[in-house]
Amino acid sequence: MAKSLVLRLALFYQWLNRLINSMALQLKLWNCIKHDGSRVLVAMPGCCHMAIASTEFLKSSDPGCNVYVILNGVTAWEAKQFKQSMTAHNVRVIQLQAWPGLNGAPLPHCKVLNILIMSCSCVFWAVDHDCFVLNNALLLQTERQLLHGRNVAASLFSSPTSINHVNKPHTFLVCINPPLMRKVFSKYHISACPTQWATLSSEARKCLLSLGFSEDMKPEPRAGCWADTLATAALLAYQEGTPYYFPRSYPPGFHLNQVAIHFGNTSNPEFSPLPAPYDDQALARVRYSRIGAYAWRMLLERPSCFGFKEKYLSRRPDLSDQEKLECGLRDAKVPQSLISDIKSLISSRL
């Protein structure tokens with residue numbers, strides 16, 4: 001009985017700690033974003049150099065844009081180095097400590113999005129640290145579309161779902177209308193976080209069933225949850241008549257285009273082994289993983305990122321050899337022309 005009491009007290013402490021930390025973050029972010037179209041970028045531990053490069057791309061595409069960078073659980077050394085690297089840019093940095101209630105880990109990305117949505121009144125862009133904006137014109141046009149008040153959010157990256165006429169948005173680069181999104185959250189008792197069918201309200205399940213989804217008919221196959229970050233809100237908003245707006249439908253895998261490039265597999269970069277025997281889907285996953293790890297490594301060569309190079313590579317000696325990584329890309333059937341394009345992109349917008 002004593003053990004059971006200790007366990008309950010520990011769980012209560014963890015819940016209370018998360019609640020207090022979330023409230024503290026909400027107070028820190030409350031109404032701090034005062035301009036429609038602001039870009040909010042979240043930097044993660046071990047990836048601050050990528051956030052610097054992403055910020056430089058944002059400022060290069062639109063020098064006058066308002067950029068907020070949330071340092072989510074990074075170390076004191078990373079925060080200091082990041083701020084020093086940002087002195088030439090007009091960027092507001094908001095530092096969040098690693099939360100004890102989460103065993104020192106950063107606050108989950110979906111919770112940061114959730115707090116931003118609950119705290120802000122202005123239309124804003126949420127930008128992943130490994131997403132690089134090349135052309136601002138489409139972003140401005142998308143902002144104007146959302147300001148009309150007919151779309152809950154907009155995404156440039158999406159996947160088809162099992163229901164033909166409904167797309168699932170990805171959150172690499174997403175523009176959000178917080179007041180409309182809050183209405184969906186409130187009506188269906190959901191948040192930005194991944195959802196399980198069993199925990200959805202009866203109203204939400206009824207709405208999703210009318211679209212053709214069910215407990216077994218998920219938006220996309222995914223272990224561990226019924227729908228990923230903001231996906232449930234997107235489906236419910238579609239039925240509400242305030243759907244996501246898709247100015248482009250770039251696939252979630254690595255895709256070169258003229259507007260925004262997303263590198264995946266960078267929060268914990270891994271140079272995945274080649275599948276044996278080969279199959280197209282497994283090789284595509286390896287290619288995606290290796291491109292992300294290669295970008296993580298090569299971005300350390302940008303002058304603004306030099307301050308992170310020594311410490312980051314001391315922790316990841318497996319990613320230090322550039323030639324070996326490039327050879328690994330060729331082994332994964334990445335064309336040399338694409339490797340050259342990636343190298344050119346990484347060294348641009350200095």
# chains A, B, ... in the order shown; residues from 1 in each chain; ligands from 1

call {"tool": "residues_around", "arguments": {"residues": "range 290-293 of chain A", "least_positions_apart": "4", "cutoff": "12 Å", "atoms": "only C-alpha atoms", "output": "PyMOL selection string"}}
result
chain A and resi 47+50+130-131+253-256+261-274+283-286+297-300+316+318-322+324-335+338-339+341-343+346

call {"tool": "select_by_dssp", "arguments": {"residues": "range 39-114 of chain A", "states": "alpha helix (DSSP H)", "output": "JSON, numbers by chain"}}
result
{"A": [48, 49, 50, 51, 52, 53, 54, 55, 56, 57, 58, 59, 60, 61, 76, 77, 78, 79, 80, 81, 82, 83, 84, 85, 109, 110, 111, 112, 113, 114]}

call {"tool": "atom_distance", "arguments": {"atom1": "CA of Val67 in chain A", "atom2": "CA of Thr55 in chain A"}}
result
7.6 Å

call {"tool": "closest_residue", "arguments": {"among": "A:Cys32, A:Val174, A:Leu27, A:Val123", "to": "Pro247 in chain A", "atoms": "only C-alpha atoms"}}
result
A:Val174

call {"tool": "residues_around", "arguments": {"residues": "Leu235 in chain A", "least_positions_apart": "2", "cutoff": "12 Å", "atoms": "only C-alpha atoms", "output": "PyMOL selection string"}}
result
chain A and resi 152-153+161+163+165-169+181+184-185+188+190+204-205+207-213+218-219+227-233+237-244

call {"tool": "select_by_dssp", "arguments": {"residues": "range 126-197 of chain A", "states": "strand (DSSP E)", "output": "list in words"}}
result
Ala126, Val127, Asp128, Cys131, Phe132, Val133, Ala153, Ala154, Ser155, Ser158, Ser159, Pro160, Asn167, Lys168, Pro169, Leu173, Val174, Cys175 and Ile176 of chain A

call {"tool": "atom_distance", "arguments": {"atom1": "CA of Cys193 in chain A", "atom2": "CA of Gly46 in chain A"}}
result
23.1 Å

call {"tool": "residues_around", "arguments": {"residues": "Ser61 in chain A", "least_positions_apart": "3", "cutoff": "7 Å", "atoms": "only C-alpha atoms", "output": "PyMOL selection string"}}
result
chain A and resi 57-58+133-136

call {"tool": "write_last_selection", "arguments": {"atoms": "N, CA, C and O atoms", "output": "PDB file, in the first residue's frame"}}
result
ATOM      1  N   PHE A  57      17.542  32.257 -43.391  1.00  0.00           N
ATOM      2  CA  PHE A  57      16.733  32.116 -44.608  1.00  0.00           C
ATOM      3  C   PHE A  57      15.465  32.954 -44.499  1.00  0.00           C
ATOM      4  O   PHE A  57      15.053  33.605 -45.466  1.00  0.00           O
ATOM      5  N   LEU A  58      14.823  32.945 -43.325  1.00  0.00           N
ATOM      6  CA  LEU A  58      13.617  33.750 -43.132  1.00  0.00           C
ATOM      7  C   LEU A  58      13.915  35.232 -43.344  1.00  0.00           C
ATOM      8  O   LEU A  58      13.180  35.936 -44.042  1.00  0.00           O
ATOM      9  N   VAL A 133      12.934  28.636 -45.698  1.00  0.00           N
ATOM     10  CA  VAL A 133      12.053  29.384 -46.602  1.00  0.00           C
ATOM     11  C   VAL A 133      12.907  30.082 -47.665  1.00  0.00           C
ATOM     12  O   VAL A 133      13.827  30.830 -47.334  1.00  0.00           O
ATOM     13  N   LEU A 134      12.563  29.857 -48.931  1.00  0.00           N
ATOM     14  CA  LEU A 134      13.326  30.421 -50.041  1.00  0.00           C
ATOM     15  C   LEU A 134      12.625  31.620 -50.680  1.00  0.00           C
ATOM     16  O   LEU A 134      13.278  32.510 -51.218  1.00  0.00           O
ATOM     17  N   ASN A 135      11.298  31.601 -50.641  1.00  0.00           N
ATOM     18  CA  ASN A 135      10.535  32.635 -51.345  1.00  0.00           C
ATOM     19  C   ASN A 135       9.379  33.073 -50.466  1.00  0.00           C
ATOM     20  O   ASN A 135       8.518  32.269 -50.099  1.00  0.00           O
ATOM     21  N   ASN A 136       9.333  34.352 -50.143  1.00  0.00           N
ATOM     22  CA  ASN A 136       8.342  34.852 -49.195  1.00  0.00           C
ATOM     23  C   ASN A 136       6.985  35.169 -49.830  1.00  0.00           C
ATOM     24  O   ASN A 136       5.988  35.306 -49.122  1.00  0.00           O
TER      25      ASN A 136
END

call {"tool": "residues_around", "arguments": {"residues": "Arg349 in chain A", "least_positions_apart": "2", "cutoff": "8 Å", "atoms": "only C-alpha atoms", "output": "NGL selection string"}}
result
:A and (56-57 or 60 or 347)

call {"tool": "closest_residue", "arguments": {"among": "A:Met23, A:Ala43, A:Ile52, A:Val127", "to": "Val74 in chain A", "atoms": "only C-alpha atoms"}}
result
A:Ala43

call {"tool": "atom_distance", "arguments": {"atom1": "CA of Glu143 in chain A", "atom2": "CA of Pro194 in chain A"}}
result
25.4 Å

call {"tool": "residues_around", "arguments": {"residues": "Lys83 in chain A", "least_positions_apart": "3", "cutoff": "12 Å", "atoms": "only C-alpha atoms", "output": "mmCIF file with N, CA and C atoms, in the first residue's frame"}}
result
data_model
loop_
_atom_site.group_PDB
_atom_site.id
_atom_site.type_symbol
_atom_site.label_atom_id
_atom_site.label_comp_id
_atom_site.auth_asym_id
_atom_site.auth_seq_id
_atom_site.Cartn_x
_atom_site.Cartn_y
_atom_site.Cartn_z
ATOM 1 N N ALA A 43 13.684 26.060 -31.618
ATOM 2 C CA ALA A 43 15.010 25.444 -31.665
ATOM 3 C C ALA A 43 15.106 24.357 -30.605
ATOM 4 N N CYS A 48 20.713 23.729 -32.644
ATOM 5 C CA CYS A 48 20.634 25.189 -32.645
ATOM 6 C C CYS A 48 21.243 25.787 -33.902
ATOM 7 N N HIS A 49 22.261 25.135 -34.479
ATOM 8 C CA HIS A 49 22.869 25.665 -35.705
ATOM 9 C C HIS A 49 21.877 25.642 -36.855
ATOM 10 N N ALA A 51 18.621 26.003 -36.495
ATOM 11 C CA ALA A 51 17.697 27.102 -36.232
ATOM 12 C C ALA A 51 18.300 28.437 -36.659
ATOM 13 N N ILE A 52 19.620 28.597 -36.489
ATOM 14 C CA ILE A 52 20.295 29.813 -36.945
ATOM 15 C C ILE A 52 20.177 29.930 -38.460
ATOM 16 N N VAL A 69 12.172 33.264 -31.880
ATOM 17 C CA VAL A 69 12.799 31.943 -31.754
ATOM 18 C C VAL A 69 12.608 31.457 -30.323
ATOM 19 N N ILE A 70 11.961 30.310 -30.179
ATOM 20 C CA ILE A 70 11.772 29.694 -28.870
ATOM 21 C C ILE A 70 12.865 28.648 -28.689
ATOM 22 N N LEU A 71 13.742 28.867 -27.712
ATOM 23 C CA LEU A 71 14.784 27.893 -27.381
ATOM 24 C C LEU A 71 14.169 26.895 -26.408
ATOM 25 N N ALA A 76 22.433 25.897 -21.354
ATOM 26 C CA ALA A 76 22.840 27.295 -21.159
ATOM 27 C C ALA A 76 23.897 27.691 -22.181
ATOM 28 N N TRP A 77 24.805 26.765 -22.470
ATOM 29 C CA TRP A 77 25.849 27.063 -23.471
ATOM 30 C C TRP A 77 25.234 27.281 -24.850
ATOM 31 N N GLU A 78 24.290 26.429 -25.247
ATOM 32 C CA GLU A 78 23.638 26.576 -26.546
ATOM 33 C C GLU A 78 22.883 27.901 -26.634
ATOM 34 N N ALA A 79 22.179 28.251 -25.551
ATOM 35 C CA ALA A 79 21.409 29.500 -25.548
ATOM 36 C C ALA A 79 22.327 30.702 -25.710
ATOM 37 N N LYS A 80 23.446 30.702 -24.997
ATOM 38 C CA LYS A 80 24.394 31.817 -25.089
ATOM 39 C C LYS A 80 24.969 31.927 -26.494
ATOM 40 N N MET A 86 22.877 35.613 -33.190
ATOM 41 C CA MET A 86 21.708 36.343 -33.675
ATOM 42 C C MET A 86 21.830 37.858 -33.501
ATOM 43 N N THR A 87 22.974 38.343 -33.035
ATOM 44 C CA THR A 87 23.105 39.777 -32.742
ATOM 45 C C THR A 87 22.930 40.644 -33.987
ATOM 46 N N ALA A 88 23.236 40.102 -35.167
ATOM 47 C CA ALA A 88 23.115 40.894 -36.396
ATOM 48 C C ALA A 88 21.685 40.931 -36.921
ATOM 49 N N HIS A 89 20.796 40.144 -36.325
ATOM 50 C CA HIS A 89 19.417 40.063 -36.804
ATOM 51 C C HIS A 89 18.462 40.623 -35.756
ATOM 52 N N ASN A 90 17.366 41.186 -36.218
ATOM 53 C CA ASN A 90 16.334 41.678 -35.313
ATOM 54 C C ASN A 90 15.384 40.527 -34.994
ATOM 55 N N VAL A 91 15.806 39.708 -34.023
ATOM 56 C CA VAL A 91 15.072 38.488 -33.681
ATOM 57 C C VAL A 91 14.813 38.473 -32.179
ATOM 58 N N ARG A 92 13.588 38.151 -31.786
ATOM 59 C CA ARG A 92 13.285 38.009 -30.362
ATOM 60 C C ARG A 92 13.477 36.553 -29.953
ATOM 61 N N VAL A 93 14.297 36.329 -28.922
ATOM 62 C CA VAL A 93 14.597 34.980 -28.443
ATOM 63 C C VAL A 93 13.881 34.760 -27.117
ATOM 64 N N ILE A 94 13.123 33.669 -27.046
ATOM 65 C CA ILE A 94 12.403 33.295 -25.828
ATOM 66 C C ILE A 94 12.979 31.970 -25.350
ATOM 67 N N GLN A 95 13.575 31.958 -24.183
ATOM 68 C CA GLN A 95 14.245 30.750 -23.703
ATOM 69 C C GLN A 95 13.366 29.990 -22.730
ATOM 70 N N SER A 304 28.098 31.352 -39.514
ATOM 71 C CA SER A 304 27.304 31.704 -38.339
ATOM 72 C C SER A 304 27.122 30.531 -37.383
ATOM 73 N N CYS A 305 27.471 29.325 -37.828
ATOM 74 C CA CYS A 305 27.258 28.116 -37.020
ATOM 75 C C CYS A 305 28.558 27.529 -36.468
ATOM 76 N N GLY A 307 30.379 28.259 -34.077
ATOM 77 C CA GLY A 307 30.451 28.166 -32.621
ATOM 78 C C GLY A 307 29.907 26.870 -32.061
#

call {"tool": "residues_around", "arguments": {"residues": "Leu146 in chain A", "least_positions_apart": "4", "cutoff": "9 Å", "atoms": "only C-alpha atoms", "output": "list in words"}}
result
Val123, Gln141, Thr142, Arg150, Asn151, Val152, Ala153, Ala154, Cys175, Ile176, Asn177 and Tyr245 of chain A

call {"tool": "closest_residue", "arguments": {"among": "A:Leu7, A:Val42, A:Ala137, A:Leu107", "to": "Asp62 in chain A", "atoms": "only C-alpha atoms"}}
result
A:Ala137

call {"tool": "decode", "arguments": {"residues": "range 48-80 of chain A", "atoms": "N, CA, C and O atoms", "output": "tab-separated table (two decimals), in the first residue's frame"}}
result
chain	number	residue	atom	x	y	z
A	48	CYS	N	20.71	23.73	-32.64
A	48	CYS	CA	20.63	25.19	-32.64
A	48	CYS	C	21.24	25.79	-33.90
A	48	CYS	O	20.81	26.85	-34.37
A	49	HIS	N	22.26	25.13	-34.48
A	49	HIS	CA	22.87	25.67	-35.70
A	49	HIS	C	21.88	25.64	-36.86
A	49	HIS	O	21.88	26.52	-37.71
A	50	MET	N	20.99	24.64	-36.88
A	50	MET	CA	19.98	24.57	-37.93
A	50	MET	C	18.96	25.70	-37.76
A	50	MET	O	18.49	26.28	-38.74
A	51	ALA	N	18.62	26.00	-36.49
A	51	ALA	CA	17.70	27.10	-36.23
A	51	ALA	C	18.30	28.44	-36.66
A	51	ALA	O	17.59	29.33	-37.15
A	52	ILE	N	19.62	28.60	-36.49
A	52	ILE	CA	20.30	29.81	-36.94
A	52	ILE	C	20.18	29.93	-38.46
A	52	ILE	O	19.81	30.98	-39.00
A	53	ALA	N	20.47	28.85	-39.17
A	53	ALA	CA	20.38	28.86	-40.63
A	53	ALA	C	18.95	29.13	-41.09
A	53	ALA	O	18.71	29.91	-42.02
A	54	SER	N	17.97	28.49	-40.43
A	54	SER	CA	16.57	28.70	-40.80
A	54	SER	C	16.17	30.16	-40.59
A	54	SER	O	15.47	30.74	-41.43
A	55	THR	N	16.64	30.77	-39.49
A	55	THR	CA	16.37	32.18	-39.24
A	55	THR	C	16.99	33.06	-40.31
A	55	THR	O	16.38	34.02	-40.79
A	56	GLU	N	18.21	32.73	-40.73
A	56	GLU	CA	18.88	33.51	-41.78
A	56	GLU	C	18.11	33.41	-43.10
A	56	GLU	O	18.01	34.40	-43.83
A	57	PHE	N	17.54	32.26	-43.39
A	57	PHE	CA	16.73	32.12	-44.61
A	57	PHE	C	15.46	32.95	-44.50
A	57	PHE	O	15.05	33.61	-45.47
A	58	LEU	N	14.82	32.94	-43.33
A	58	LEU	CA	13.62	33.75	-43.13
A	58	LEU	C	13.92	35.23	-43.34
A	58	LEU	O	13.18	35.94	-44.04
A	59	LYS	N	15.00	35.71	-42.76
A	59	LYS	CA	15.36	37.12	-42.86
A	59	LYS	C	15.82	37.48	-44.27
A	59	LYS	O	15.60	38.60	-44.75
A	60	SER	N	16.45	36.54	-44.95
A	60	SER	CA	16.87	36.79	-46.33
A	60	SER	C	15.67	36.89	-47.26
A	60	SER	O	15.63	37.72	-48.17
A	61	SER	N	14.65	36.04	-47.01
A	61	SER	CA	13.44	36.07	-47.84
A	61	SER	C	12.59	37.31	-47.59
A	61	SER	O	11.95	37.82	-48.50
A	62	ASP	N	12.59	37.78	-46.35
A	62	ASP	CA	11.79	38.95	-45.98
A	62	ASP	C	12.49	39.67	-44.82
A	62	ASP	O	12.22	39.37	-43.64
A	63	PRO	N	13.40	40.59	-45.11
A	63	PRO	CA	14.18	41.25	-44.05
A	63	PRO	C	13.33	41.93	-43.00
A	63	PRO	O	13.75	42.08	-41.85
A	64	GLY	N	12.11	42.34	-43.35
A	64	GLY	CA	11.27	43.06	-42.40
A	64	GLY	C	10.36	42.20	-41.56
A	64	GLY	O	9.61	42.71	-40.73
A	65	CYS	N	10.41	40.88	-41.77
A	65	CYS	CA	9.48	40.02	-41.03
A	65	CYS	C	9.85	39.93	-39.56
A	65	CYS	O	11.01	40.07	-39.17
A	66	ASN	N	8.84	39.73	-38.73
A	66	ASN	CA	9.05	39.56	-37.29
A	66	ASN	C	9.32	38.08	-37.01
A	66	ASN	O	8.49	37.22	-37.32
A	67	VAL	N	10.48	37.81	-36.42
A	67	VAL	CA	10.88	36.43	-36.13
A	67	VAL	C	11.04	36.26	-34.62
A	67	VAL	O	11.73	37.04	-33.96
A	68	TYR	N	10.38	35.24	-34.09
A	68	TYR	CA	10.53	34.84	-32.69
A	68	TYR	C	11.14	33.45	-32.67
A	68	TYR	O	10.67	32.55	-33.38
A	69	VAL	N	12.17	33.26	-31.88
A	69	VAL	CA	12.80	31.94	-31.75
A	69	VAL	C	12.61	31.46	-30.32
A	69	VAL	O	13.03	32.12	-29.37
A	70	ILE	N	11.96	30.31	-30.18
A	70	ILE	CA	11.77	29.69	-28.87
A	70	ILE	C	12.87	28.65	-28.69
A	70	ILE	O	12.94	27.68	-29.44
A	71	LEU	N	13.74	28.87	-27.71
A	71	LEU	CA	14.78	27.89	-27.38
A	71	LEU	C	14.17	26.89	-26.41
A	71	LEU	O	14.00	27.18	-25.22
A	72	ASN	N	13.82	25.73	-26.92
A	72	ASN	CA	13.03	24.76	-26.16
A	72	ASN	C	13.94	23.73	-25.48
A	72	ASN	O	14.34	22.74	-26.08
A	73	GLY	N	14.29	24.01	-24.22
A	73	GLY	CA	15.06	23.04	-23.44
A	73	GLY	C	16.52	22.94	-23.81
A	73	GLY	O	17.17	21.95	-23.47
A	74	VAL	N	17.07	23.93	-24.51
A	74	VAL	CA	18.49	23.87	-24.88
A	74	VAL	C	19.35	24.16	-23.65
A	74	VAL	O	18.89	24.72	-22.64
A	75	THR	N	20.63	23.79	-23.71
A	75	THR	CA	21.53	24.03	-22.59
A	75	THR	C	21.88	25.51	-22.50
A	75	THR	O	21.68	26.28	-23.44
A	76	ALA	N	22.43	25.90	-21.35
A	76	ALA	CA	22.84	27.29	-21.16
A	76	ALA	C	23.90	27.69	-22.18
A	76	ALA	O	23.88	28.81	-22.71
A	77	TRP	N	24.80	26.76	-22.47
A	77	TRP	CA	25.85	27.06	-23.47
A	77	TRP	C	25.23	27.28	-24.85
A	77	TRP	O	25.60	28.22	-25.57
A	78	GLU	N	24.29	26.43	-25.25
A	78	GLU	CA	23.64	26.58	-26.55
A	78	GLU	C	22.88	27.90	-26.63
A	78	GLU	O	22.93	28.59	-27.66
A	79	ALA	N	22.18	28.25	-25.55
A	79	ALA	CA	21.41	29.50	-25.55
A	79	ALA	C	22.33	30.70	-25.71
A	79	ALA	O	22.04	31.63	-26.49
A	80	LYS	N	23.45	30.70	-25.00
A	80	LYS	CA	24.39	31.82	-25.09
A	80	LYS	C	24.97	31.93	-26.49
A	80	LYS	O	25.03	33.02	-27.08
